[in-house]
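Chemist: One file is attached below, query.pdb, containing PDB, C-alpha atoms.
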```
ATOM      1  CA  MET A   1       0.000   0.000   0.000
ATOM      2  CA  HIS A   2       1.582   3.253  -1.127
ATOM      3  CA  THR A   3       1.405   6.521   0.716
ATOM      4  CA  SER A   4       0.197   9.662  -1.041
ATOM      5  CA  TRP A   5       3.692  11.125  -0.860
ATOM      6  CA  ILE A   6       4.559  10.543  -4.509
ATOM      7  CA  SER A   7       1.395  12.204  -5.838
ATOM      8  CA  ASP A   8       1.991  15.203  -3.560
ATOM      9  CA  TYR A   9       5.627  15.326  -4.651
ATOM     10  CA  ASN A  10       4.804  15.067  -8.360
ATOM     11  CA  SER A  11       2.151  17.780  -8.066
ATOM     12  CA  LEU A  12       4.611  20.059  -6.327
ATOM     13  CA  VAL A  13       7.294  19.543  -8.980
ATOM     14  CA  LYS A  14       4.756  20.327 -11.707
ATOM     15  CA  GLU A  15       3.707  23.460  -9.818
ATOM     16  CA  VAL A  16       7.314  24.638  -9.590
ATOM     17  CA  ILE A  17       7.784  24.053 -13.326
ATOM     18  CA  SER A  18       4.525  25.708 -14.427
ATOM     19  CA  GLU A  19       4.265  28.559 -11.927
ATOM     20  CA  GLY A  20       7.823  29.104 -10.741
ATOM     21  CA  THR A  21       9.569  32.375 -11.519
ATOM     22  CA  LEU A  22      12.488  32.065 -13.920
ATOM     23  CA  GLN A  23      15.636  33.308 -12.194
ATOM     24  CA  LEU A  24      19.385  33.258 -12.616
ATOM     25  CA  ASN A  25      21.051  31.547  -9.670
ATOM     26  CA  GLU A  26      24.111  33.733  -9.128
ATOM     27  CA  ARG A  27      25.929  31.074  -7.100
ATOM     28  CA  THR A  28      25.776  28.429  -9.852
ATOM     29  CA  GLY A  29      25.352  30.666 -12.893
ATOM     30  CA  GLU A  30      22.391  28.556 -14.049
ATOM     31  CA  HIS A  31      18.702  29.290 -14.528
ATOM     32  CA  ILE A  32      16.108  27.922 -12.138
ATOM     33  CA  ARG A  33      12.342  28.087 -11.738
ATOM     34  CA  SER A  34      11.503  29.052  -8.177
ATOM     35  CA  LEU A  35       8.483  29.170  -5.873
ATOM     36  CA  ASN A  36       9.384  31.343  -2.902
ATOM     37  CA  ASP A  37       6.073  31.788  -1.113
ATOM     38  CA  GLY A  38       6.334  28.583   0.913
ATOM     39  CA  SER A  39       5.460  24.964   0.140
ATOM     40  CA  LEU A  40       4.439  22.138   2.453
ATOM     41  CA  ILE A  41       4.823  18.395   1.962
ATOM     42  CA  SER A  42       3.846  15.696   4.442
ATOM     43  CA  VAL A  43       5.364  12.220   4.712
ATOM     44  CA  ASP A  44       3.266   9.583   6.455
ATOM     45  CA  LEU A  45       5.628   7.109   8.138
ATOM     46  CA  ASN A  46       2.866   5.124   9.813
ATOM     47  CA  LEU A  47       3.051   2.208   7.389
ATOM     48  CA  GLN A  48       6.607   1.713   8.647
ATOM     49  CA  ARG A  49       7.824   2.477   5.144
ATOM     50  CA  MET A  50      10.045   5.241   3.811
ATOM     51  CA  PRO A  51       9.016   6.386   0.323
ATOM     52  CA  ILE A  52      11.647   6.948  -2.354
ATOM     53  CA  PRO A  53      10.876   8.309  -5.844
ATOM     54  CA  ALA A  54      11.729   5.658  -8.426
ATOM     55  CA  ASN A  55      12.146   8.137 -11.278
ATOM     56  CA  ARG A  56      15.926   8.328 -11.087
ATOM     57  CA  SER A  57      18.771   6.742  -9.213
ATOM     58  CA  TYR A  58      18.812   7.538  -5.509
ATOM     59  CA  PHE A  59      21.467   6.019  -3.294
ATOM     60  CA  VAL A  60      19.546   5.111  -0.164
ATOM     61  CA  LYS A  61      22.674   3.934   1.623
ATOM     62  CA  SER A  62      24.173   7.418   1.124
ATOM     63  CA  SER A  63      21.239   8.877   3.042
ATOM     64  CA  ALA A  64      21.701   6.279   5.772
ATOM     65  CA  ALA A  65      25.392   7.178   5.977
ATOM     66  CA  GLU A  66      24.587  10.894   6.178
ATOM     67  CA  PHE A  67      22.123  10.178   8.984
ATOM     68  CA  ALA A  68      24.726   8.054  10.817
ATOM     69  CA  TRP A  69      27.255  10.880  10.433
ATOM     70  CA  MET A  70      24.672  13.282  11.838
ATOM     71  CA  ILE A  71      24.195  11.054  14.888
ATOM     72  CA  LYS A  72      27.977  11.014  15.401
ATOM     73  CA  GLY A  73      27.788  14.806  15.725
ATOM     74  CA  SER A  74      30.956  15.249  13.687
ATOM     75  CA  GLN A  75      32.215  17.975  11.378
ATOM     76  CA  ASP A  76      34.961  15.737  10.006
ATOM     77  CA  LEU A  77      34.089  13.996   6.746
ATOM     78  CA  SER A  78      36.281  10.926   7.184
ATOM     79  CA  PHE A  79      33.451   8.693   8.392
ATOM     80  CA  LEU A  80      31.028   9.811   5.686
ATOM     81  CA  GLN A  81      33.624   9.427   2.935
ATOM     82  CA  GLN A  82      33.736   5.695   3.541
ATOM     83  CA  HIS A  83      30.245   5.532   2.069
ATOM     84  CA  THR A  84      29.591   8.628  -0.050
ATOM     85  CA  LYS A  85      31.320  11.730  -1.437
ATOM     86  CA  MET A  86      28.142  13.823  -1.502
ATOM     87  CA  TRP A  87      29.479  16.487   0.912
ATOM     88  CA  ASP A  88      33.066  16.670  -0.366
ATOM     89  CA  LYS A  89      32.518  19.721  -2.571
ATOM     90  CA  PHE A  90      31.390  21.759   0.452
ATOM     91  CA  ALA A  91      34.341  20.824   2.671
ATOM     92  CA  VAL A  92      37.090  23.063   4.007
ATOM     93  CA  ASP A  93      40.099  21.086   5.293
ATOM     94  CA  ASN A  94      37.899  17.989   5.062
ATOM     95  CA  LYS A  95      35.374  19.467   7.485
ATOM     96  CA  ILE A  96      31.844  20.824   7.156
ATOM     97  CA  VAL A  97      31.647  23.864   9.415
ATOM     98  CA  ASP A  98      27.848  23.865   9.543
ATOM     99  CA  ALA A  99      27.414  20.070   9.872
ATOM    100  CA  TYR A 100      23.888  19.381  11.105
ATOM    101  CA  GLY A 101      24.829  16.720  13.645
ATOM    102  CA  TYR A 102      27.510  18.932  15.167
ATOM    103  CA  ARG A 103      25.048  21.777  15.561
ATOM    104  CA  LEU A 104      22.333  19.546  16.973
ATOM    105  CA  GLN A 105      24.536  17.832  19.549
ATOM    106  CA  LYS A 106      27.762  19.675  20.258
ATOM    107  CA  LYS A 107      27.934  23.314  19.186
ATOM    108  CA  TRP A 108      25.487  24.620  21.788
ATOM    109  CA  SER A 109      24.171  21.578  23.661
ATOM    110  CA  ASN A 110      22.816  18.111  22.889
ATOM    111  CA  GLN A 111      19.471  19.311  21.580
ATOM    112  CA  ILE A 112      18.406  15.794  20.595
ATOM    113  CA  GLN A 113      18.765  14.471  24.131
ATOM    114  CA  GLU A 114      17.167  17.580  25.607
ATOM    115  CA  VAL A 115      14.079  17.228  23.395
ATOM    116  CA  ILE A 116      13.856  13.531  24.246
ATOM    117  CA  ASN A 117      14.012  14.372  27.967
ATOM    118  CA  LEU A 118      11.428  17.114  27.523
ATOM    119  CA  LEU A 119       8.860  14.890  25.793
ATOM    120  CA  GLN A 120       9.516  11.910  28.047
ATOM    121  CA  ASN A 121       8.517  14.063  30.999
ATOM    122  CA  ASP A 122       5.655  15.938  29.319
ATOM    123  CA  ARG A 123       4.215  14.967  25.929
ATOM    124  CA  SER A 124       2.148  18.144  25.864
ATOM    125  CA  ASN A 125       5.248  20.373  26.022
ATOM    126  CA  ARG A 126       5.407  22.865  23.141
ATOM    127  CA  ARG A 127       9.107  23.743  23.462
ATOM    128  CA  ALA A 128      10.527  20.694  21.654
ATOM    129  CA  VAL A 129      12.556  22.793  19.228
ATOM    130  CA  MET A 130      15.925  21.937  17.667
ATOM    131  CA  ASN A 131      17.871  24.717  15.962
ATOM    132  CA  ILE A 132      20.318  24.169  13.126
ATOM    133  CA  TRP A 133      20.640  27.786  11.975
ATOM    134  CA  ASP A 134      23.246  30.007  13.615
ATOM    135  CA  PRO A 135      22.786  33.814  13.371
ATOM    136  CA  SER A 136      26.413  34.038  12.212
ATOM    137  CA  ASP A 137      25.350  32.188   9.033
ATOM    138  CA  LEU A 138      23.921  35.495   7.796
ATOM    139  CA  SER A 139      27.405  36.887   7.218
ATOM    140  CA  SER A 140      29.302  33.615   6.709
ATOM    141  CA  LYS A 141      31.300  33.138   3.513
ATOM    142  CA  SER A 142      31.101  29.341   3.763
ATOM    143  CA  THR A 143      28.100  27.087   3.217
ATOM    144  CA  ALA A 144      25.016  27.582   5.366
ATOM    145  CA  PRO A 145      22.509  24.857   6.291
ATOM    146  CA  CYS A 146      19.348  24.592   4.220
ATOM    147  CA  PRO A 147      17.358  22.907   7.016
ATOM    148  CA  THR A 148      17.078  25.525   9.742
ATOM    149  CA  GLN A 149      14.830  24.152  12.468
ATOM    150  CA  LEU A 150      13.059  20.976  13.552
ATOM    151  CA  ILE A 151      10.075  21.136  15.913
ATOM    152  CA  PHE A 152       8.330  18.141  17.464
ATOM    153  CA  SER A 153       4.747  18.026  18.660
ATOM    154  CA  ALA A 154       2.889  15.109  20.207
ATOM    155  CA  LEU A 155      -0.790  14.243  20.211
ATOM    156  CA  ASP A 156      -1.968  10.995  21.771
ATOM    157  CA  ASN A 157       0.215   8.300  20.182
ATOM    158  CA  THR A 158       1.408  10.416  17.232
ATOM    159  CA  LEU A 159       4.702  12.297  16.959
ATOM    160  CA  ASN A 160       4.968  15.010  14.310
ATOM    161  CA  GLY A 161       8.320  16.376  13.193
ATOM    162  CA  PHE A 162       8.089  19.776  11.480
ATOM    163  CA  LEU A 163      11.190  20.574   9.434
ATOM    164  CA  THR A 164      11.787  24.050   7.994
ATOM    165  CA  ILE A 165      14.042  24.307   4.938
ATOM    166  CA  ARG A 166      15.016  27.751   3.691
ATOM    167  CA  SER A 167      15.933  26.585   0.164
ATOM    168  CA  SER A 168      15.587  23.247  -1.622
ATOM    169  CA  ASP A 169      16.151  21.794  -5.089
ATOM    170  CA  ILE A 170      13.017  19.696  -5.454
ATOM    171  CA  PHE A 171      14.470  17.334  -8.064
ATOM    172  CA  VAL A 172      18.028  16.808  -6.810
ATOM    173  CA  GLY A 173      18.099  17.543  -3.093
ATOM    174  CA  LEU A 174      14.637  17.304  -1.551
ATOM    175  CA  PRO A 175      14.183  13.507  -1.924
ATOM    176  CA  TYR A 176      17.481  13.004  -0.071
ATOM    177  CA  ASP A 177      16.378  15.393   2.676
ATOM    178  CA  ILE A 178      13.100  13.458   2.943
ATOM    179  CA  MET A 179      15.046  10.223   3.431
ATOM    180  CA  VAL A 180      17.504  11.600   6.007
ATOM    181  CA  TRP A 181      14.890  13.384   8.112
ATOM    182  CA  SER A 182      12.467  10.454   7.874
ATOM    183  CA  TYR A 183      15.196   8.394   9.534
ATOM    184  CA  PHE A 184      15.483  11.117  12.177
ATOM    185  CA  VAL A 185      11.767  11.400  12.975
ATOM    186  CA  LYS A 186      11.422   7.607  13.131
ATOM    187  CA  MET A 187      14.376   7.464  15.545
ATOM    188  CA  MET A 188      12.656   9.975  17.822
ATOM    189  CA  ALA A 189       9.364   8.054  17.648
ATOM    190  CA  ASN A 190      11.174   4.803  18.497
ATOM    191  CA  THR A 191      12.959   6.452  21.413
ATOM    192  CA  LEU A 192       9.799   8.004  22.827
ATOM    193  CA  ASP A 193       7.542   4.969  22.193
ATOM    194  CA  PHE A 194       5.149   6.659  19.811
ATOM    195  CA  GLU A 195       3.060   4.341  17.653
ATOM    196  CA  ARG A 196       2.660   6.812  14.786
ATOM    197  CA  CYS A 197       4.859   9.494  13.253
ATOM    198  CA  PHE A 198       4.852  12.034  10.430
ATOM    199  CA  LEU A 199       7.506  14.205   8.828
ATOM    200  CA  LYS A 200       6.084  17.529   7.679
ATOM    201  CA  VAL A 201       8.431  19.697   5.609
ATOM    202  CA  PHE A 202       7.970  23.421   4.974
ATOM    203  CA  ILE A 203      10.213  24.829   2.236
ATOM    204  CA  VAL A 204      10.491  28.601   1.811
ATOM    205  CA  ASP A 205      12.201  28.645  -1.614
ATOM    206  CA  LEU A 206      11.502  25.557  -3.700
ATOM    207  CA  HIS A 207      13.152  25.368  -7.096
ATOM    208  CA  ILE A 208      14.206  23.215 -10.021
ATOM    209  CA  TYR A 209      17.044  23.813 -12.476
ATOM    210  CA  GLU A 210      15.959  24.380 -16.065
ATOM    211  CA  LYS A 211      18.266  21.588 -17.235
ATOM    212  CA  HIS A 212      16.332  19.082 -15.107
ATOM    213  CA  ILE A 213      12.807  19.893 -16.336
ATOM    214  CA  LYS A 214      12.986  17.580 -19.331
ATOM    215  CA  LEU A 215      14.397  14.799 -17.133
ATOM    216  CA  PHE A 216      11.396  15.101 -14.827
ATOM    217  CA  ASN A 217       8.926  15.178 -17.717
ATOM    218  CA  ASP A 218      10.465  12.026 -19.218
ATOM    219  CA  ARG A 219      10.263   9.981 -16.049
ATOM    220  CA  GLU A 220       7.837   7.422 -14.653
ATOM    221  CA  ASP A 221       5.710   8.463 -11.681
ATOM    222  CA  HIS A 222       6.013   5.762  -9.074
ATOM    223  CA  ILE A 223       7.868   5.011  -5.874
ATOM    224  CA  VAL A 224       9.533   2.256  -3.968
ATOM    225  CA  GLU A 225       9.045   1.910  -0.227
ATOM    226  CA  ILE A 226      11.482   0.295   2.182
ATOM    227  CA  PRO A 227      10.862  -0.701   5.833
ATOM    228  CA  MET A 228      11.792   1.909   8.399
ATOM    229  CA  HIS A 229      14.430   1.171  11.021
ATOM    230  CA  PRO A 230      13.685   0.099  14.634
ATOM    231  CA  PHE A 231      16.564   1.915  16.357
ATOM    232  CA  THR A 232      16.450   4.384  19.224
ATOM    233  CA  TYR A 233      18.758   7.362  19.706
ATOM    234  CA  GLU A 234      20.668   5.524  22.435
ATOM    235  CA  GLN A 235      21.269   2.533  20.159
ATOM    236  CA  LEU A 236      22.433   4.676  17.245
ATOM    237  CA  LYS A 237      24.582   6.886  19.454
ATOM    238  CA  LEU A 238      26.452   3.799  20.649
ATOM    239  CA  ARG A 239      26.939   2.521  17.103
ATOM    240  CA  PRO A 240      25.720   4.754  14.242
ATOM    241  CA  GLU A 241      26.807   2.143  11.701
ATOM    242  CA  ARG A 242      23.671   0.154  12.607
ATOM    243  CA  ILE A 243      21.575   2.270  10.236
ATOM    244  CA  ILE A 244      23.998   1.696   7.354
ATOM    245  CA  GLU A 245      24.016  -2.056   7.965
ATOM    246  CA  TRP A 246      20.200  -2.022   8.127
ATOM    247  CA  THR A 247      19.897  -0.207   4.812
ATOM    248  CA  THR A 248      22.511  -2.397   3.135
ATOM    249  CA  SER A 249      20.565  -5.478   4.199
ATOM    250  CA  LEU A 250      17.348  -3.989   2.829
ATOM    251  CA  GLU A 251      18.962  -3.202  -0.512
ATOM    252  CA  GLU A 252      20.175  -6.779  -0.799
ATOM    253  CA  ARG A 253      16.740  -8.190   0.078
ATOM    254  CA  PHE A 254      14.382  -5.704  -1.555
ATOM    255  CA  TRP A 255      15.958  -4.311  -4.711
ATOM    256  CA  PRO A 256      15.809  -7.662  -6.559
ATOM    257  CA  ILE A 257      12.021  -7.884  -6.048
ATOM    258  CA  ILE A 258      11.070  -4.194  -6.341
ATOM    259  CA  PRO A 259      10.420  -2.785  -9.846
ATOM    260  CA  TYR A 260      13.130  -0.173  -9.390
ATOM    261  CA  ASN A 261      14.354   0.884 -12.845
ATOM    262  CA  PRO A 262      15.421   4.480 -12.381
ATOM    263  CA  LYS A 263      17.146   6.828 -14.754
ATOM    264  CA  PRO A 264      20.834   7.577 -14.006
ATOM    265  CA  GLU A 265      21.800   9.710 -11.039
ATOM    266  CA  VAL A 266      21.258  13.442 -11.514
ATOM    267  CA  PHE A 267      23.605  16.191 -10.319
TER     268      PHE A 267
END
```
Translate this structure into structure tokens?
Modeler:
Amino acid sequence: MHTSWISDYNSLVKEVISEGTLQLNERTGEHIRSLNDGSLISVDLNLQRMPIPANRSYFVKSSAAEFAWMIKGSQDLSFLQQHTKMWDKFAVDNKIVDAYGYRLQKKWSNQIQEVINLLQNDRSNRRAVMNIWDPSDLSSKSTAPCPTQLIFSALDNTLNGFLTIRSSDIFVGLPYDIMVWSYFVKMMANTLDFERCFLKVFIVDLHIYEKHIKLFNDREDHIVEIPMHPFTYEQLKLRPERIIEWTTSLEERFWPIIPYNPKPEVF
């Protein structure tokens, strides 16, 4: 049984293409179509499945490795480079200054543990906020995080994770963000013993590069869904590699039986 995520995603891509403002991205020197009045997409994780668009090649294990690196709370890329090179182009001295895991767990305090403690003591608490954005990013010459804040709210047996993203490439980057933060929300739900969980993503500037529009129009509209992981924060903190091993096992068991025939990877 498929979630509605793919239809919502496809509709949003089509909206960006048809209604987005044509702009020149000064950083890349390429033209994009951009919606900058805010877009919302919801991912239902209650079927214990993580949805992945099957229109092009996505490396699920790369997302698992990025999530594991986030749990390590490191700025150093050495661990991540064993599995993927996706962050190499943003590195300075083989480090990512604004690494999400470092900001969530070490730069100010361990926000993950603090939110867990908060909701364990009071599920009705409305202060379960994790910040990724640093005010100094406004004047920084290096990269700045696209996800800026994650807020959790609980109702009965449901945990909602609200992620704000200031800027997102809907065709190249957003599906990876969906995967990584789905892992994160499921980890929090596992830790806090919630039966149900959702990831709800609000993107301020949502865009697609002109060169990718034809690739999207040529693709097939379907998804694959893989089982979500059972790990808690404590388990992953002790050994983050668990999530990579889990995903590797799933790829070995599921890819042969899933009709996953994507186009080549897109950059």
Chemist: Is there a way to get, as an mmCIF file with C-alpha atoms, keeping the file's coordinate frame, all residues within 9 Å of the point (14.4, 20.6, 20.3) in file coordinates, counting only C-alpha atoms?
Modeler:
```cif
data_model
loop_
_atom_site.group_PDB
_atom_site.id
_atom_site.type_symbol
_atom_site.label_atom_id
_atom_site.label_comp_id
_atom_site.auth_asym_id
_atom_site.auth_seq_id
_atom_site.Cartn_x
_atom_site.Cartn_y
_atom_site.Cartn_z
ATOM 1 C CA LEU A 104 22.333 19.546 16.973
ATOM 2 C CA GLN A 111 19.471 19.311 21.580
ATOM 3 C CA ILE A 112 18.406 15.794 20.595
ATOM 4 C CA GLN A 113 18.765 14.471 24.131
ATOM 5 C CA GLU A 114 17.167 17.580 25.607
ATOM 6 C CA VAL A 115 14.079 17.228 23.395
ATOM 7 C CA ILE A 116 13.856 13.531 24.246
ATOM 8 C CA LEU A 118 11.428 17.114 27.523
ATOM 9 C CA ARG A 127 9.107 23.743 23.462
ATOM 10 C CA ALA A 128 10.527 20.694 21.654
ATOM 11 C CA VAL A 129 12.556 22.793 19.228
ATOM 12 C CA MET A 130 15.925 21.937 17.667
ATOM 13 C CA ASN A 131 17.871 24.717 15.962
ATOM 14 C CA GLN A 149 14.830 24.152 12.468
ATOM 15 C CA LEU A 150 13.059 20.976 13.552
ATOM 16 C CA ILE A 151 10.075 21.136 15.913
ATOM 17 C CA PHE A 152 8.330 18.141 17.464
#
```
Chemist: Out of A:Ile243, A:Leu45, A:Ala189, A:Ala144, which residue has the shortest atom-to-atom distance to Leu159 of chain A when counting only C-alpha atoms?
Modeler: A:Ala189
Chemist: Specify as a ChimeraX atom specification each residue included when the PyMOL selection byres ((chain A and resi 236) around 12) is applied to this file.
Modeler: /A:64-65,67-73,183-184,187-188,190-191,229-235,237-246
Chemist: For Asp137 of chain A, work out the shell of residues within 12 Å, counting all atoms listed in the file and skipping chain neighbours fewer than 4 positions away, then give it as a list of chain:residue names.
Modeler: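 Final neighbour list, sorted by chain and number: A:Val97, A:Asp98, A:Ile132, A:Trp133, A:Lys141, A:Ser142, A:Thr143, A:Ala144, A:Pro145, A:Cys146, A:Thr148.
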Chemist: Could you check how far atom CA of Ala99 of chain A sits from atom CA of Met86 of chain A, in Å to one decimal?
Modeler: 13.0 Å
Chemist: For the file shown, report as a ChimeraX atom specification the outcome of the PyMOL selection byres ((chain A and resi 166) around 6) at residue level.
Modeler: /A:146,165,167,203-204
Chemist: Would you compute the distance between atom CA of Asn10 of chain A and atom CA of Trp181 of chain A? Give it in Å to one decimal.
Modeler: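 Atom CA of Trp181 of chain A lies at a distance of 19.4 Å from atom CA of Asn10 of chain A.
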Chemist: How many Å separate atom CA of Leu80 of chain A from atom CA of Ser140 of chain A?
Modeler: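 Computing it gives 23.9 Å between the two atoms.
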Chemist: Could segment 89-99 of chain A be completed with all heavy atoms and returned as an mmCIF file, keeping the file's coordinate frame?
Modeler:
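File written: rebuild_32.cif
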```cif
data_model
loop_
_atom_site.group_PDB
_atom_site.id
_atom_site.type_symbol
_atom_site.label_atom_id
_atom_site.label_comp_id
_atom_site.auth_asym_id
_atom_site.auth_seq_id
_atom_site.Cartn_x
_atom_site.Cartn_y
_atom_site.Cartn_z
ATOM 1 N N LYS A 89 32.360 18.430 -1.876
ATOM 2 C CA LYS A 89 32.518 19.721 -2.571
ATOM 3 C C LYS A 89 32.267 20.923 -1.654
ATOM 4 O O LYS A 89 32.604 22.059 -2.001
ATOM 5 C CB LYS A 89 31.596 19.786 -3.784
ATOM 6 C CG LYS A 89 30.120 19.704 -3.469
ATOM 7 C CD LYS A 89 29.296 19.692 -4.753
ATOM 8 C CE LYS A 89 27.810 19.533 -4.470
ATOM 9 N NZ LYS A 89 27.011 19.484 -5.719
ATOM 10 N N PHE A 90 31.667 20.669 -0.489
ATOM 11 C CA PHE A 90 31.390 21.759 0.452
ATOM 12 C C PHE A 90 32.425 21.834 1.576
ATOM 13 O O PHE A 90 32.328 22.693 2.453
ATOM 14 C CB PHE A 90 30.000 21.578 1.078
ATOM 15 C CG PHE A 90 28.882 21.498 0.076
ATOM 16 C CD1 PHE A 90 28.219 20.297 -0.153
ATOM 17 C CD2 PHE A 90 28.493 22.616 -0.648
ATOM 18 C CE1 PHE A 90 27.191 20.218 -1.067
ATOM 19 C CE2 PHE A 90 27.463 22.545 -1.569
ATOM 20 C CZ PHE A 90 26.809 21.338 -1.782
ATOM 21 N N ALA A 91 33.417 20.954 1.547
ATOM 22 C CA ALA A 91 34.341 20.824 2.671
ATOM 23 C C ALA A 91 35.461 21.863 2.644
ATOM 24 O O ALA A 91 35.898 22.308 1.581
ATOM 25 C CB ALA A 91 34.948 19.424 2.688
ATOM 26 N N VAL A 92 35.897 22.242 3.817
ATOM 27 C CA VAL A 92 37.090 23.063 4.007
ATOM 28 C C VAL A 92 37.990 22.289 4.974
ATOM 29 O O VAL A 92 37.586 22.003 6.104
ATOM 30 C CB VAL A 92 36.746 24.449 4.597
ATOM 31 C CG1 VAL A 92 38.026 25.239 4.846
ATOM 32 C CG2 VAL A 92 35.806 25.212 3.675
ATOM 33 N N ASP A 93 39.189 21.921 4.489
ATOM 34 C CA ASP A 93 40.099 21.086 5.293
ATOM 35 C C ASP A 93 39.406 19.803 5.746
ATOM 36 O O ASP A 93 39.564 19.342 6.891
ATOM 37 C CB ASP A 93 40.615 21.860 6.509
ATOM 38 C CG ASP A 93 41.462 23.062 6.112
ATOM 39 O OD1 ASP A 93 42.141 22.990 5.071
ATOM 40 O OD2 ASP A 93 41.427 24.071 6.838
ATOM 41 N N ASN A 94 38.627 19.248 4.841
ATOM 42 C CA ASN A 94 37.899 17.989 5.062
ATOM 43 C C ASN A 94 36.896 18.070 6.205
ATOM 44 O O ASN A 94 36.537 17.069 6.822
ATOM 45 C CB ASN A 94 38.848 16.810 5.300
ATOM 46 C CG ASN A 94 38.268 15.513 4.749
ATOM 47 O OD1 ASN A 94 37.778 15.479 3.622
ATOM 48 N ND2 ASN A 94 38.314 14.452 5.526
ATOM 49 N N LYS A 95 36.395 19.274 6.462
ATOM 50 C CA LYS A 95 35.374 19.467 7.485
ATOM 51 C C LYS A 95 34.205 20.270 6.915
ATOM 52 O O LYS A 95 34.378 21.084 6.009
ATOM 53 C CB LYS A 95 35.941 20.206 8.696
ATOM 54 C CG LYS A 95 36.906 19.386 9.538
ATOM 55 C CD LYS A 95 37.316 20.155 10.784
ATOM 56 C CE LYS A 95 38.220 19.303 11.668
ATOM 57 N NZ LYS A 95 38.626 20.024 12.895
ATOM 58 N N ILE A 96 33.026 20.031 7.463
ATOM 59 C CA ILE A 96 31.844 20.824 7.156
ATOM 60 C C ILE A 96 31.546 21.675 8.388
ATOM 61 O O ILE A 96 31.148 21.153 9.444
ATOM 62 C CB ILE A 96 30.631 19.935 6.815
ATOM 63 C CG1 ILE A 96 30.942 19.046 5.607
ATOM 64 C CG2 ILE A 96 29.397 20.793 6.557
ATOM 65 C CD1 ILE A 96 31.191 19.803 4.315
ATOM 66 N N VAL A 97 31.774 22.959 8.263
ATOM 67 C CA VAL A 97 31.647 23.864 9.415
ATOM 68 C C VAL A 97 30.231 23.831 9.981
ATOM 69 O O VAL A 97 30.031 23.844 11.202
ATOM 70 C CB VAL A 97 32.029 25.304 9.003
ATOM 71 C CG1 VAL A 97 31.776 26.275 10.149
ATOM 72 C CG2 VAL A 97 33.492 25.355 8.579
ATOM 73 N N ASP A 98 29.236 23.799 9.092
ATOM 74 C CA ASP A 98 27.848 23.865 9.543
ATOM 75 C C ASP A 98 27.186 22.490 9.600
ATOM 76 O O ASP A 98 25.979 22.370 9.436
ATOM 77 C CB ASP A 98 27.039 24.794 8.640
ATOM 78 C CG ASP A 98 26.998 24.308 7.188
ATOM 79 O OD1 ASP A 98 27.957 23.646 6.770
ATOM 80 O OD2 ASP A 98 26.010 24.579 6.485
ATOM 81 N N ALA A 99 27.948 21.429 9.827
ATOM 82 C CA ALA A 99 27.414 20.070 9.872
ATOM 83 C C ALA A 99 26.215 19.987 10.817
ATOM 84 O O ALA A 99 26.284 20.446 11.960
ATOM 85 C CB ALA A 99 28.498 19.086 10.303
#
```
